[in-house]
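A.B. asks: My structure is stored as work_35.csv, with CSV, C-alpha atoms.
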chain,number,residue,atom,x,y,z
Y,18,MET,CA,19.9,-7.7,19.9
Y,19,PRO,CA,17.9,-4.6,18.9
Y,20,LYS,CA,14.2,-5.1,19.0
Y,21,ILE,CA,12.4,-6.1,15.8
Y,22,LEU,CA,10.6,-2.8,14.8
Y,23,THR,CA,6.9,-2.7,13.9
Y,24,THR,CA,5.0,-0.8,11.3
Y,25,HIS,CA,2.0,-1.4,9.0
Y,26,ALA,CA,1.2,-1.0,5.3
Y,27,GLY,CA,-0.7,2.2,5.4
Y,28,SER,CA,-4.5,2.5,5.4
Y,29,LEU,CA,-6.5,2.4,8.7
Y,30,PRO,CA,-10.2,2.7,9.4
Y,31,ARG,CA,-11.7,6.1,8.7
Y,32,PRO,CA,-14.5,7.6,10.9
Y,33,ALA,CA,-18.0,7.2,9.5
Y,34,SER,CA,-18.5,10.9,9.1
Y,35,LEU,CA,-15.2,11.4,7.3
Y,36,ALA,CA,-16.0,8.5,5.0
Y,37,HIS,CA,-19.3,10.0,4.1
Y,38,ARG,CA,-17.7,13.3,3.1
Y,39,PHE,CA,-15.2,11.4,0.9
Y,40,VAL,CA,-18.0,9.5,-0.8
Y,41,GLU,CA,-19.8,12.7,-1.5
Y,42,LYS,CA,-16.6,14.3,-2.9
Y,43,GLU,CA,-15.7,11.4,-5.1
Y,44,ALA,CA,-19.3,11.4,-6.5
Y,45,GLY,CA,-18.8,15.0,-7.6
Y,46,ARG,CA,-21.1,16.6,-5.1
Y,47,THR,CA,-20.2,19.8,-3.3
Y,48,VAL,CA,-18.3,19.4,0.0
Y,49,ASP,CA,-17.4,21.9,2.7
Y,50,GLU,CA,-13.6,21.8,2.3
Y,51,ALA,CA,-13.0,23.5,5.6
Y,52,ALA,CA,-15.1,21.0,7.5
Y,53,LEU,CA,-13.5,18.2,5.6
Y,54,GLU,CA,-10.0,19.4,6.6
Y,55,ALA,CA,-11.1,19.7,10.2
Y,56,GLU,CA,-12.3,16.1,10.2
Y,57,ILE,CA,-9.2,14.9,8.6
Y,58,ASP,CA,-7.1,16.6,11.2
Y,59,ALA,CA,-9.0,15.0,14.0
Y,60,ALA,CA,-8.9,11.6,12.4
Y,61,VAL,CA,-5.1,11.8,11.9
Y,62,ALA,CA,-4.6,12.8,15.5
Y,63,GLU,CA,-6.7,9.8,16.7
Y,64,SER,CA,-5.1,7.3,14.2
Y,65,VAL,CA,-1.6,8.2,15.2
Y,66,ARG,CA,-2.5,8.0,18.9
Y,67,CYS,CA,-4.0,4.6,18.4
Y,68,GLN,CA,-1.0,3.3,16.5
Y,69,ALA,CA,1.3,4.5,19.3
Y,70,GLU,CA,-0.9,2.9,21.9
Y,71,CYS,CA,-0.7,-0.4,20.0
Y,72,GLY,CA,3.1,-0.2,20.3
Y,73,LEU,CA,4.0,0.5,16.6
Y,74,ASP,CA,7.4,2.0,16.1
Y,75,ILE,CA,6.9,3.4,12.5
Y,76,VAL,CA,3.5,5.1,12.1
Y,77,ASN,CA,1.6,7.1,9.5
Y,78,ASP,CA,-1.5,9.2,9.1
Y,79,GLY,CA,-3.6,6.1,8.4
Y,80,GLU,CA,-4.3,7.6,5.0
Y,81,GLN,CA,-7.1,9.6,6.7
Y,82,GLY,CA,-6.7,12.5,4.2
Y,83,ARG,CA,-7.5,10.4,1.1
Y,84,ALA,CA,-10.5,8.5,-0.1
Y,85,GLY,CA,-8.3,5.8,-1.5
Y,86,PHE,CA,-4.7,5.0,-1.8
Y,87,PHE,CA,-4.5,6.3,-5.4
Y,88,SER,CA,-7.8,8.2,-5.9
Y,89,THR,CA,-6.2,11.6,-5.0
Y,90,VAL,CA,-4.5,11.7,-8.4
Y,91,ARG,CA,-7.7,13.1,-9.9
Y,92,TRP,CA,-7.5,16.1,-7.6
Y,93,ARG,CA,-3.8,16.6,-7.5
Y,94,MET,CA,-2.8,15.9,-11.1
Y,95,THR,CA,-4.0,17.1,-14.5
Y,96,GLY,CA,-5.1,14.8,-17.3
Y,97,PHE,CA,-7.7,12.7,-15.6
Y,98,GLY,CA,-11.5,12.8,-16.1
Y,99,GLY,CA,-14.6,10.8,-17.1
Y,100,GLN,CA,-14.7,7.1,-16.0
Y,101,ALA,CA,-12.5,4.2,-17.0
Y,102,GLN,CA,-13.8,0.8,-18.0
Y,103,PRO,CA,-14.6,-1.4,-15.0
Y,104,ARG,CA,-11.6,-3.6,-14.0
Y,105,LYS,CA,-12.1,-7.3,-13.6
Y,106,PHE,CA,-10.3,-9.4,-11.1
Y,107,VAL,CA,-10.3,-12.7,-13.0
Y,108,ASP,CA,-10.0,-15.0,-10.0
Y,109,ILE,CA,-13.1,-13.4,-8.5
Y,110,PHE,CA,-15.1,-13.2,-11.7
Y,111,SER,CA,-14.4,-16.8,-12.5
Y,112,HIS,CA,-16.4,-17.7,-9.4
Y,113,PRO,CA,-19.9,-16.1,-9.8
Y,114,ASP,CA,-21.0,-17.4,-6.4
Y,115,LEU,CA,-18.1,-15.6,-4.7
Y,116,LEU,CA,-18.8,-12.4,-6.7
Y,117,GLU,CA,-22.4,-12.5,-5.4
Y,118,ILE,CA,-21.2,-12.8,-1.8
Y,119,ILE,CA,-18.8,-9.9,-2.3
Y,120,LEU,CA,-21.4,-7.6,-4.0
Y,121,ARG,CA,-23.9,-8.4,-1.3
Y,122,GLY,CA,-21.5,-7.3,1.4
Y,123,THR,CA,-20.2,-4.1,-0.3
Y,124,PRO,CA,-21.3,-1.1,1.7
Y,125,LYS,CA,-23.2,1.6,-0.1
Y,126,ASP,CA,-21.1,4.3,1.6
Y,127,SER,CA,-17.8,3.3,0.0
Y,128,VAL,CA,-15.5,4.6,-2.7
Y,129,SER,CA,-14.9,2.2,-5.7
Y,130,LEU,CA,-11.4,1.8,-7.0
Y,131,VAL,CA,-12.7,-0.5,-9.7
Y,132,THR,CA,-14.2,2.4,-11.8
Y,133,PRO,CA,-11.8,5.3,-11.4
Y,134,PRO,CA,-11.3,8.2,-14.0
Y,135,ARG,CA,-9.2,7.7,-17.0
Y,136,ALA,CA,-6.3,9.6,-18.6
Y,137,ILE,CA,-7.8,12.0,-21.2
Y,138,GLY,CA,-4.9,14.6,-21.3
Y,139,ALA,CA,-1.3,15.2,-20.4
Y,140,VAL,CA,-0.5,14.1,-16.9
Y,141,SER,CA,1.3,16.5,-14.6
Y,142,TYR,CA,1.4,17.5,-10.9
Y,143,VAL,CA,-0.5,20.7,-10.2
Y,144,SER,CA,0.9,21.6,-6.8
Y,145,ALA,CA,2.8,19.9,-4.0
Y,146,GLU,CA,0.9,22.0,-1.4
Y,147,PRO,CA,-1.8,19.3,-0.5
Y,148,VAL,CA,1.0,16.7,0.0
Y,149,ARG,CA,3.0,19.2,2.0
Y,150,ARG,CA,-0.1,19.9,4.2
Y,151,ASP,CA,-0.7,16.1,4.8
Y,152,ALA,CA,3.0,15.6,5.7
Y,153,ALA,CA,3.0,18.6,8.1
Y,154,ARG,CA,-0.1,17.3,9.8
Y,155,LEU,CA,1.5,13.9,10.4
Y,156,VAL,CA,4.7,15.5,11.7
Y,157,LYS,CA,2.6,17.6,14.1
Y,158,TYR,CA,1.0,14.6,15.7
Y,159,LEU,CA,4.0,12.2,15.6
Y,160,PRO,CA,4.8,11.1,19.1
Y,161,ALA,CA,8.3,11.4,20.5
Y,162,GLY,CA,10.3,8.3,19.8
Y,163,ARG,CA,8.2,7.3,16.8
Y,164,LYS,CA,9.3,7.4,13.1
Y,165,GLY,CA,6.8,8.6,10.5
Y,166,PHE,CA,6.1,7.4,6.9
Y,167,MET,CA,3.6,8.4,4.2
Y,168,THR,CA,2.3,6.3,1.4
Y,169,ALA,CA,2.0,7.3,-2.3
Y,170,PRO,CA,0.9,5.3,-5.3
Y,171,SER,CA,3.3,3.8,-7.8
Y,172,PRO,CA,3.2,4.9,-11.5
Y,173,GLY,CA,2.2,1.4,-12.4
Y,174,ILE,CA,-1.0,1.2,-10.4
Y,175,VAL,CA,-2.1,4.6,-11.7
Y,176,ALA,CA,-1.4,3.6,-15.3
Y,177,ALA,CA,-3.0,0.2,-14.9
Y,178,ALA,CA,-6.1,1.3,-13.1
Y,179,LEU,CA,-6.8,4.6,-14.8
Y,180,GLU,CA,-7.5,3.7,-18.4
Y,181,ASN,CA,-5.3,5.5,-21.0
Y,182,VAL,CA,-7.1,7.2,-23.9
Y,183,TYR,CA,-4.5,9.9,-24.4
Y,184,TYR,CA,-0.9,8.6,-24.6
Y,185,ALA,CA,0.4,6.6,-27.6
Y,186,ASP,CA,1.2,3.5,-25.5
Y,187,LEU,CA,1.4,2.2,-22.0
Y,188,ASP,CA,5.2,2.8,-21.9
Y,189,SER,CA,4.8,6.6,-22.4
Y,190,TYR,CA,1.9,6.7,-20.0
Y,191,ILE,CA,3.8,5.0,-17.2
Y,192,ALA,CA,6.8,7.4,-17.8
Y,193,ALA,CA,4.6,10.5,-17.6
Y,194,VAL,CA,2.9,9.4,-14.4
Y,195,GLY,CA,6.3,8.6,-12.9
Y,196,ASP,CA,7.6,12.0,-13.7
Y,197,ALA,CA,4.5,13.6,-12.1
Y,198,LEU,CA,4.6,11.5,-9.0
Y,199,ALA,CA,8.2,12.5,-8.4
Y,200,VAL,CA,6.9,15.7,-7.0
Y,201,GLU,CA,4.8,13.8,-4.3
Y,202,TYR,CA,7.7,11.5,-3.5
Y,203,ARG,CA,10.2,14.3,-3.0
Y,204,THR,CA,7.7,16.3,-0.9
Y,205,ILE,CA,7.2,13.5,1.5
Y,206,VAL,CA,10.9,12.9,2.1
Y,207,ASP,CA,11.7,16.6,2.3
Y,208,ALA,CA,9.2,16.7,5.2
Y,209,GLY,CA,11.5,14.3,7.1
Y,210,LEU,CA,9.3,11.3,6.6
Y,211,ASP,CA,9.9,7.9,5.0
Y,212,LEU,CA,8.2,7.3,1.7
Y,213,GLN,CA,6.3,4.1,1.0
Y,214,ILE,CA,5.5,3.5,-2.6
Y,215,ASP,CA,2.4,1.3,-2.9
Y,216,ALA,CA,2.9,-0.9,-6.0
Y,217,PRO,CA,0.3,-3.7,-6.0
Y,218,ASP,CA,0.7,-3.5,-9.8
Y,219,LEU,CA,4.1,-5.2,-9.6
Y,220,ALA,CA,2.3,-8.5,-8.6
Y,221,MET,CA,-1.5,-8.0,-8.8
Y,222,GLU,CA,-1.7,-6.9,-12.4
Y,223,ARG,CA,-0.5,-10.3,-13.6
Y,224,ALA,CA,-4.1,-11.5,-12.8
Y,225,VAL,CA,-5.9,-8.3,-13.9
Y,226,LEU,CA,-4.5,-6.3,-16.8
Y,227,PHE,CA,-2.2,-9.1,-18.0
Y,228,HIS,CA,-4.4,-12.1,-17.1
Y,229,ASP,CA,-4.6,-13.2,-20.7
Y,230,LYS,CA,-1.1,-12.4,-21.8
Y,231,PRO,CA,2.3,-14.2,-21.6
Y,232,LEU,CA,4.4,-13.8,-18.4
Y,233,ALA,CA,7.0,-12.1,-20.6
Y,234,ASP,CA,4.6,-9.2,-21.3
Y,235,PHE,CA,3.9,-8.7,-17.6
Y,236,LEU,CA,7.6,-8.8,-16.8
Y,237,HIS,CA,8.1,-6.0,-19.4
Y,238,PHE,CA,5.5,-4.0,-17.6
Y,239,VAL,CA,7.3,-4.6,-14.3
Y,240,ARG,CA,10.5,-3.4,-15.8
Y,241,LEU,CA,8.8,-0.2,-17.1
Y,242,VAL,CA,7.3,0.5,-13.6
Y,243,VAL,CA,10.6,-0.1,-11.7
Y,244,ALA,CA,12.4,2.2,-14.2
Y,245,ALA,CA,9.8,4.9,-13.7
Y,246,ILE,CA,10.1,4.5,-9.9
Y,247,ASP,CA,13.9,4.6,-9.9
Y,248,LYS,CA,13.9,7.8,-12.0
Y,249,ALA,CA,11.4,9.4,-9.7
Y,250,ILE,CA,13.3,8.6,-6.5
Y,251,ALA,CA,16.8,9.1,-8.0
Y,252,PRO,CA,17.4,12.3,-5.9
Y,253,LEU,CA,16.2,10.6,-2.7
Y,254,PRO,CA,18.3,8.5,-0.2
Y,255,PRO,CA,17.3,4.8,-0.8
Y,256,GLU,CA,17.0,4.2,2.9
Y,257,LYS,CA,14.2,6.7,3.0
Y,258,VAL,CA,12.1,4.7,0.5
Y,259,ARG,CA,10.3,1.4,1.0
Y,260,LEU,CA,8.4,-0.4,-1.7
Y,261,HIS,CA,5.1,-2.2,-1.0
Y,262,VAL,CA,4.3,-5.1,-3.4
Y,263,CYS,CA,1.2,-7.2,-3.1
Y,264,TRP,CA,-1.3,-9.3,-4.9
Y,265,GLY,CA,-4.5,-7.3,-4.1
Y,266,ASN,CA,-6.0,-6.6,-0.8
Y,267,TYR,CA,-9.2,-8.7,-1.1
Y,268,GLU,CA,-10.4,-12.0,0.2
Y,269,GLY,CA,-10.5,-14.2,-2.9
Y,270,PRO,CA,-9.0,-17.4,-4.2
Y,271,HIS,CA,-5.9,-15.7,-5.5
Y,272,GLU,CA,-5.3,-18.8,-7.7
Y,273,ARG,CA,-4.0,-16.6,-10.5
Y,274,ASP,CA,-1.4,-14.8,-8.4
Y,275,VAL,CA,2.0,-14.7,-10.0
Y,276,ASP,CA,4.7,-16.5,-8.0
Y,277,LEU,CA,7.1,-14.1,-6.1
Y,278,ALA,CA,10.0,-16.1,-7.6
Y,279,ASP,CA,8.9,-15.2,-11.1
Y,280,ILE,CA,9.0,-11.4,-10.5
Y,281,TRP,CA,11.5,-10.9,-7.7
Y,282,SER,CA,14.6,-10.5,-10.0
Y,283,GLU,CA,12.9,-7.5,-11.6
Y,284,ILE,CA,11.5,-6.0,-8.4
Y,285,ALA,CA,14.8,-6.4,-6.6
Y,286,LYS,CA,16.3,-3.9,-9.0
Y,287,ALA,CA,14.3,-1.0,-7.5
Y,288,ASN,CA,16.7,1.3,-5.7
Y,289,VAL,CA,14.9,1.3,-2.4
Y,290,GLY,CA,15.9,0.6,1.2
Y,291,ALA,CA,13.1,-1.9,2.1
Y,292,TYR,CA,10.5,-4.2,0.5
Y,293,LEU,CA,7.2,-4.8,2.2
Y,294,LEU,CA,5.7,-8.1,1.2
Y,295,SER,CA,2.6,-10.2,2.1
Y,296,MET,CA,3.5,-13.3,4.1
Y,297,ALA,CA,0.6,-13.8,6.4
Y,298,ASN,CA,-2.3,-14.7,4.0
Y,299,PRO,CA,-2.8,-18.4,3.0
Y,300,ARG,CA,-1.6,-17.9,-0.5
Y,301,HIS,CA,1.8,-16.3,0.3
Y,302,ALA,CA,2.7,-17.5,3.7
Y,303,HIS,CA,5.4,-19.7,2.1
Y,304,ASP,CA,7.2,-16.9,0.3
Y,305,TYR,CA,9.8,-16.5,3.0
Y,306,HIS,CA,11.5,-19.5,1.4
Y,307,LEU,CA,12.7,-17.4,-1.5
Y,308,PHE,CA,14.9,-15.4,0.8
Y,309,GLU,CA,16.8,-18.5,1.9
Y,310,HIS,CA,18.7,-18.2,-1.3
Y,311,GLY,CA,20.3,-14.8,-0.5
Y,312,VAL,CA,18.2,-12.8,-2.9
Y,313,LEU,CA,17.5,-9.8,-0.7
Y,314,PRO,CA,19.7,-7.0,-2.0
Y,315,ALA,CA,22.5,-6.3,0.5
Y,316,HIS,CA,21.5,-2.8,1.2
Y,317,ALA,CA,17.8,-3.6,1.8
Y,318,LYS,CA,15.5,-4.7,4.6
Y,319,LEU,CA,12.5,-7.0,4.4
Y,320,ILE,CA,9.3,-5.7,5.9
Y,321,VAL,CA,7.4,-8.9,6.6
Y,322,GLY,CA,3.6,-9.0,6.4
Y,323,VAL,CA,2.7,-11.1,9.4
Y,324,ILE,CA,-0.9,-9.8,9.9
Y,325,ASP,CA,-3.7,-10.6,7.4
Y,326,THR,CA,-5.8,-7.5,6.7
Y,327,THR,CA,-8.8,-9.4,5.2
Y,328,THR,CA,-9.9,-11.5,8.1
Y,329,ASN,CA,-11.3,-10.7,11.6
Y,330,TYR,CA,-9.2,-13.5,13.2
Y,331,VAL,CA,-6.9,-11.8,15.6
Y,332,GLU,CA,-3.5,-13.4,15.2
Y,333,HIS,CA,-1.9,-14.9,18.3
Y,334,PRO,CA,1.3,-13.2,19.2
Y,335,GLN,CA,3.1,-16.5,19.2
Y,336,THR,CA,1.9,-17.0,15.6
Y,337,VAL,CA,3.3,-13.6,14.7
Y,338,ALA,CA,6.6,-14.5,16.4
Y,339,ASP,CA,6.8,-17.8,14.5
Y,340,ARG,CA,6.3,-15.9,11.2
Y,341,LEU,CA,9.0,-13.4,12.0
Y,342,ILE,CA,11.4,-16.0,13.1
Y,343,LEU,CA,10.9,-17.9,9.8
Y,344,ALA,CA,11.6,-14.7,7.8
Y,345,ALA,CA,14.6,-13.8,10.0
Y,346,ASN,CA,16.2,-17.2,9.6
Y,347,ALA,CA,15.6,-17.1,5.8
Y,348,VAL,CA,17.2,-13.7,5.5
Y,349,GLY,CA,20.0,-14.7,7.9
Y,350,ASP,CA,20.0,-11.4,9.8
Y,351,THR,CA,17.3,-10.4,12.3
Y,352,ALA,CA,18.4,-6.8,12.1
Y,353,ARG,CA,17.2,-6.7,8.4
Y,354,ILE,CA,13.5,-7.5,9.1
Y,355,ILE,CA,10.6,-5.3,10.3
Y,356,ALA,CA,7.2,-6.6,11.2
Y,357,ALA,CA,4.1,-5.3,9.4
Y,358,THR,CA,0.7,-6.1,8.0
Y,359,ASP,CA,0.2,-7.7,4.6
Y,360,CYS,CA,-1.6,-4.6,3.3
Y,361,GLY,CA,-3.8,-1.7,4.4
Y,362,PHE,CA,-7.0,-2.2,6.4
Y,363,GLU,CA,-9.1,0.2,4.4
Y,364,THR,CA,-7.6,0.5,0.9
Y,365,SER,CA,-10.4,2.8,-0.1
Y,366,THR,CA,-13.1,4.4,2.0
Y,367,GLY,CA,-15.7,2.0,3.3
Y,368,THR,CA,-14.2,-1.1,2.0
Y,369,GLY,CA,-12.4,-2.4,5.1
Y,370,MET,CA,-13.1,-6.1,5.8
Y,371,VAL,CA,-11.9,-6.0,9.4
Y,372,ALA,CA,-14.0,-4.4,12.2
Y,373,PRO,CA,-12.3,-1.2,13.3
Y,374,SER,CA,-12.1,-2.4,16.9
Y,375,LEU,CA,-10.3,-5.6,15.7
Y,376,VAL,CA,-7.8,-3.6,13.6
Y,377,TRP,CA,-6.3,-2.3,16.8
Y,378,ARG,CA,-6.3,-5.7,18.4
Y,379,LYS,CA,-4.5,-7.1,15.4
Y,380,LEU,CA,-1.9,-4.3,15.5
Y,381,ARG,CA,-1.4,-4.9,19.2
Y,382,ALA,CA,-0.8,-8.6,18.5
Y,383,LEU,CA,1.7,-7.5,15.9
Y,384,SER,CA,3.7,-5.5,18.5
Y,385,GLU,CA,3.5,-8.3,21.1
Y,386,GLY,CA,4.6,-10.9,18.5
Y,387,ALA,CA,7.6,-8.8,17.5
Y,388,ALA,CA,8.6,-8.6,21.1
Y,389,LEU,CA,8.4,-12.3,21.5
Y,390,ALA,CA,10.4,-12.9,18.3
Y,391,THR,CA,13.0,-10.5,19.5
Y,392,GLU,CA,13.3,-12.4,22.8
Y,393,ARG,CA,13.4,-15.8,21.1
Y,394,LEU,CA,16.1,-14.7,18.6
Y,395,SER,CA,18.3,-13.1,21.2
Could the structure of this file be written out as structure tokens, please?
C.D. replies:
Amino acid sequence: MPKILTTHAGSLPRPASLAHRFVEKEAGRTVDEAALEAEIDAAVAESVRCQAECGLDIVNDGEQGRAGFFSTVRWRMTGFGGQAQPRKFVDIFSHPDLLEIILRGTPKDSVSLVTPPRAIGAVSYVSAEPVRRDAARLVKYLPAGRKGFMTAPSPGIVAAALENVYYADLDSYIAAVGDALAVEYRTIVDAGLDLQIDAPDLAMERAVLFHDKPLADFLHFVRLVVAAIDKAIAPLPPEKVRLHVCWGNYEGPHERDVDLADIWSEIAKANVGAYLLSMANPRHAHDYHLFEHGVLPAHAKLIVGVIDTTTNYVEHPQTVADRLILAANAVGDTARIIAATDCGFETSTGTGMVAPSLVWRKLRALSEGAALATERLS
């Protein structure tokens, strides 16, 4: 049997000096762009080297060229400015003692994704050149025998997190963002890389933007986002696109998380070649059961989150193997699963919850566990 391939969800630890430059830039202070580019280049080279050393088969740039997984839109797209209203994650804010612990441990040298800019004008993509440069950098450092991917935000997370004060309604805002992001999506695939669309909105926003609304309202939002994604990727081969859906990359109760079963029928309509889902954290480790009912689209693969990115526990390879075997048995075809992390390790600069040295230990455990699962399933 072919080996179970390994990958991860995108973001990896950034060097402290690079993180500091991003914090300065996001705060609106003058940054030496040439020096920033040089640091990014070095960080990507090191990140790719470490991923390969850990045994990962499908690697990326670790998102070293971005302060956060969607924060670059303010620099690459028109229409954004000012500051949006703070976003509240209801499951955290309903536990003041937990919020106090989180605030106490938040590093000063970090980029907040809770208070991003807002949409104050028409949204459009300025130039594909920054994305083209990022893609070329990854291709340059991609080791022989490794496949490369790059991440890009979904229209839904941009529309949900960057408050709209320009468009007539959320529907038109999502559509406009989707049309703009099509430029980024196409540029990544044209560079010979796989595209990963990060769409925490398709699950997480049920407990954020839609926390006080009926499930039907949220499902309408999901349909709008999936339609915008499908329109944006229509010219691209589905097998070159993977969709990452999660419930938020933070350590919290997650009591308000929507069940995967409640949203899957809409998410499964996305014309993508793979779905990356969280299945390692305590709230969603049972979600593999859904796939026992044959609901994975026939053309698609399941990228299984088997490493938790919010804890410093290093998963035992046997535990990783067990999780992969459960998923493989549920899907019914081992060739249709890929091993991964639940989410990124540093979704925005300075906010990683796992010590950098342990990130690589966890990724090595991922590779070792996938090898064990391959052996046990052969």
A.B. asks: I'd like to know which of Y:Leu120, Y:Val107, Y:Val239, Y:Val148 is closest to Y:Leu198, using only C-alpha atoms.
C.D. replies: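 Looking at the shortest contact to Y:Leu198, the residue is Y:Val148.
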A.B. asks: Which stretch 322-392 of chain Y residues have any atom within 12 Å of an atom of stretch 209-215 of chain Y, and for each, what is the nearest pair of atoms with distance in Å to one decimal, counting all atoms listed in the file, rows sorted by chain and number, as a tab-separated table?
C.D. replies:
residue	atom	partner	partner_atom	distance
Y:Asp359	CA	Y:Asp215	CA	11.9
Y:Cys360	CA	Y:Asp215	CA	9.4
Y:Gly361	CA	Y:Asp215	CA	10.0
Y:Thr364	CA	Y:Asp215	CA	10.7
A.B. asks: Which residues come within 9 Å of stretch 200-208 of chain Y, counting all atoms listed in the file, excluding same-chain residues fewer than 4 positions away, as a PyMOL selection string?
C.D. replies: chain Y and resi 142+144-146+148-149+151-153+156+166-169+196+212-214+249-250+252-254+257-258
A.B. asks: Please compute the atom CA of Y:His25-atom CA of Y:Leu236 distance, one decimal, in Å.
C.D. replies: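 Spanning atom CA of Y:His25 to atom CA of Y:Leu236 is a straight-line distance of 27.4 Å.
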A.B. asks: Between Y:Glu180, Y:Asp49, Y:Glu43, Y:Glu256, which has the minimum distance to Y:Gln100 (counting only C-alpha atoms)?
C.D. replies: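 Residue with the minimum atom-to-atom distance to Y:Gln100: Y:Glu180.
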A.B. asks: For Y:Leu116, find every residue with an atom within 12 Å (counting only C-alpha atoms), except residues of its own chain fewer than 2 positions away, and show them as a PyMOL selection string.
C.D. replies: chain Y and resi 105-114+118-123+267-270
A.B. asks: I need the residues from that last selection saved to file as a PDB file, in the coordinates of the input (with C-alpha atoms), if you can.
C.D. replies:
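Generated file (out.pdb):
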ATOM      1  CA  LYS Y 105     -12.100  -7.300 -13.600  1.00  0.00           C
ATOM      2  CA  PHE Y 106     -10.300  -9.400 -11.100  1.00  0.00           C
ATOM      3  CA  VAL Y 107     -10.300 -12.700 -13.000  1.00  0.00           C
ATOM      4  CA  ASP Y 108     -10.000 -15.000 -10.000  1.00  0.00           C
ATOM      5  CA  ILE Y 109     -13.100 -13.400  -8.500  1.00  0.00           C
ATOM      6  CA  PHE Y 110     -15.100 -13.200 -11.700  1.00  0.00           C
ATOM      7  CA  SER Y 111     -14.400 -16.800 -12.500  1.00  0.00           C
ATOM      8  CA  HIS Y 112     -16.400 -17.700  -9.400  1.00  0.00           C
ATOM      9  CA  PRO Y 113     -19.900 -16.100  -9.800  1.00  0.00           C
ATOM     10  CA  ASP Y 114     -21.000 -17.400  -6.400  1.00  0.00           C
ATOM     11  CA  ILE Y 118     -21.200 -12.800  -1.800  1.00  0.00           C
ATOM     12  CA  ILE Y 119     -18.800  -9.900  -2.300  1.00  0.00           C
ATOM     13  CA  LEU Y 120     -21.400  -7.600  -4.000  1.00  0.00           C
ATOM     14  CA  ARG Y 121     -23.900  -8.400  -1.300  1.00  0.00           C
ATOM     15  CA  GLY Y 122     -21.500  -7.300   1.400  1.00  0.00           C
ATOM     16  CA  THR Y 123     -20.200  -4.100  -0.300  1.00  0.00           C
ATOM     17  CA  TYR Y 267      -9.200  -8.700  -1.100  1.00  0.00           C
ATOM     18  CA  GLU Y 268     -10.400 -12.000   0.200  1.00  0.00           C
ATOM     19  CA  GLY Y 269     -10.500 -14.200  -2.900  1.00  0.00           C
ATOM     20  CA  PRO Y 270      -9.000 -17.400  -4.200  1.00  0.00           C
TER      21      PRO Y 270
END
A.B. asks: For Y:Ala278, which residue out of Y:Ala297, Y:Ala251, Y:Ala220, Y:His237 is the nearest one, using all atoms listed in the file?
C.D. replies: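 Among the listed residues, the smallest separation from Y:Ala278 belongs to Y:Ala220.
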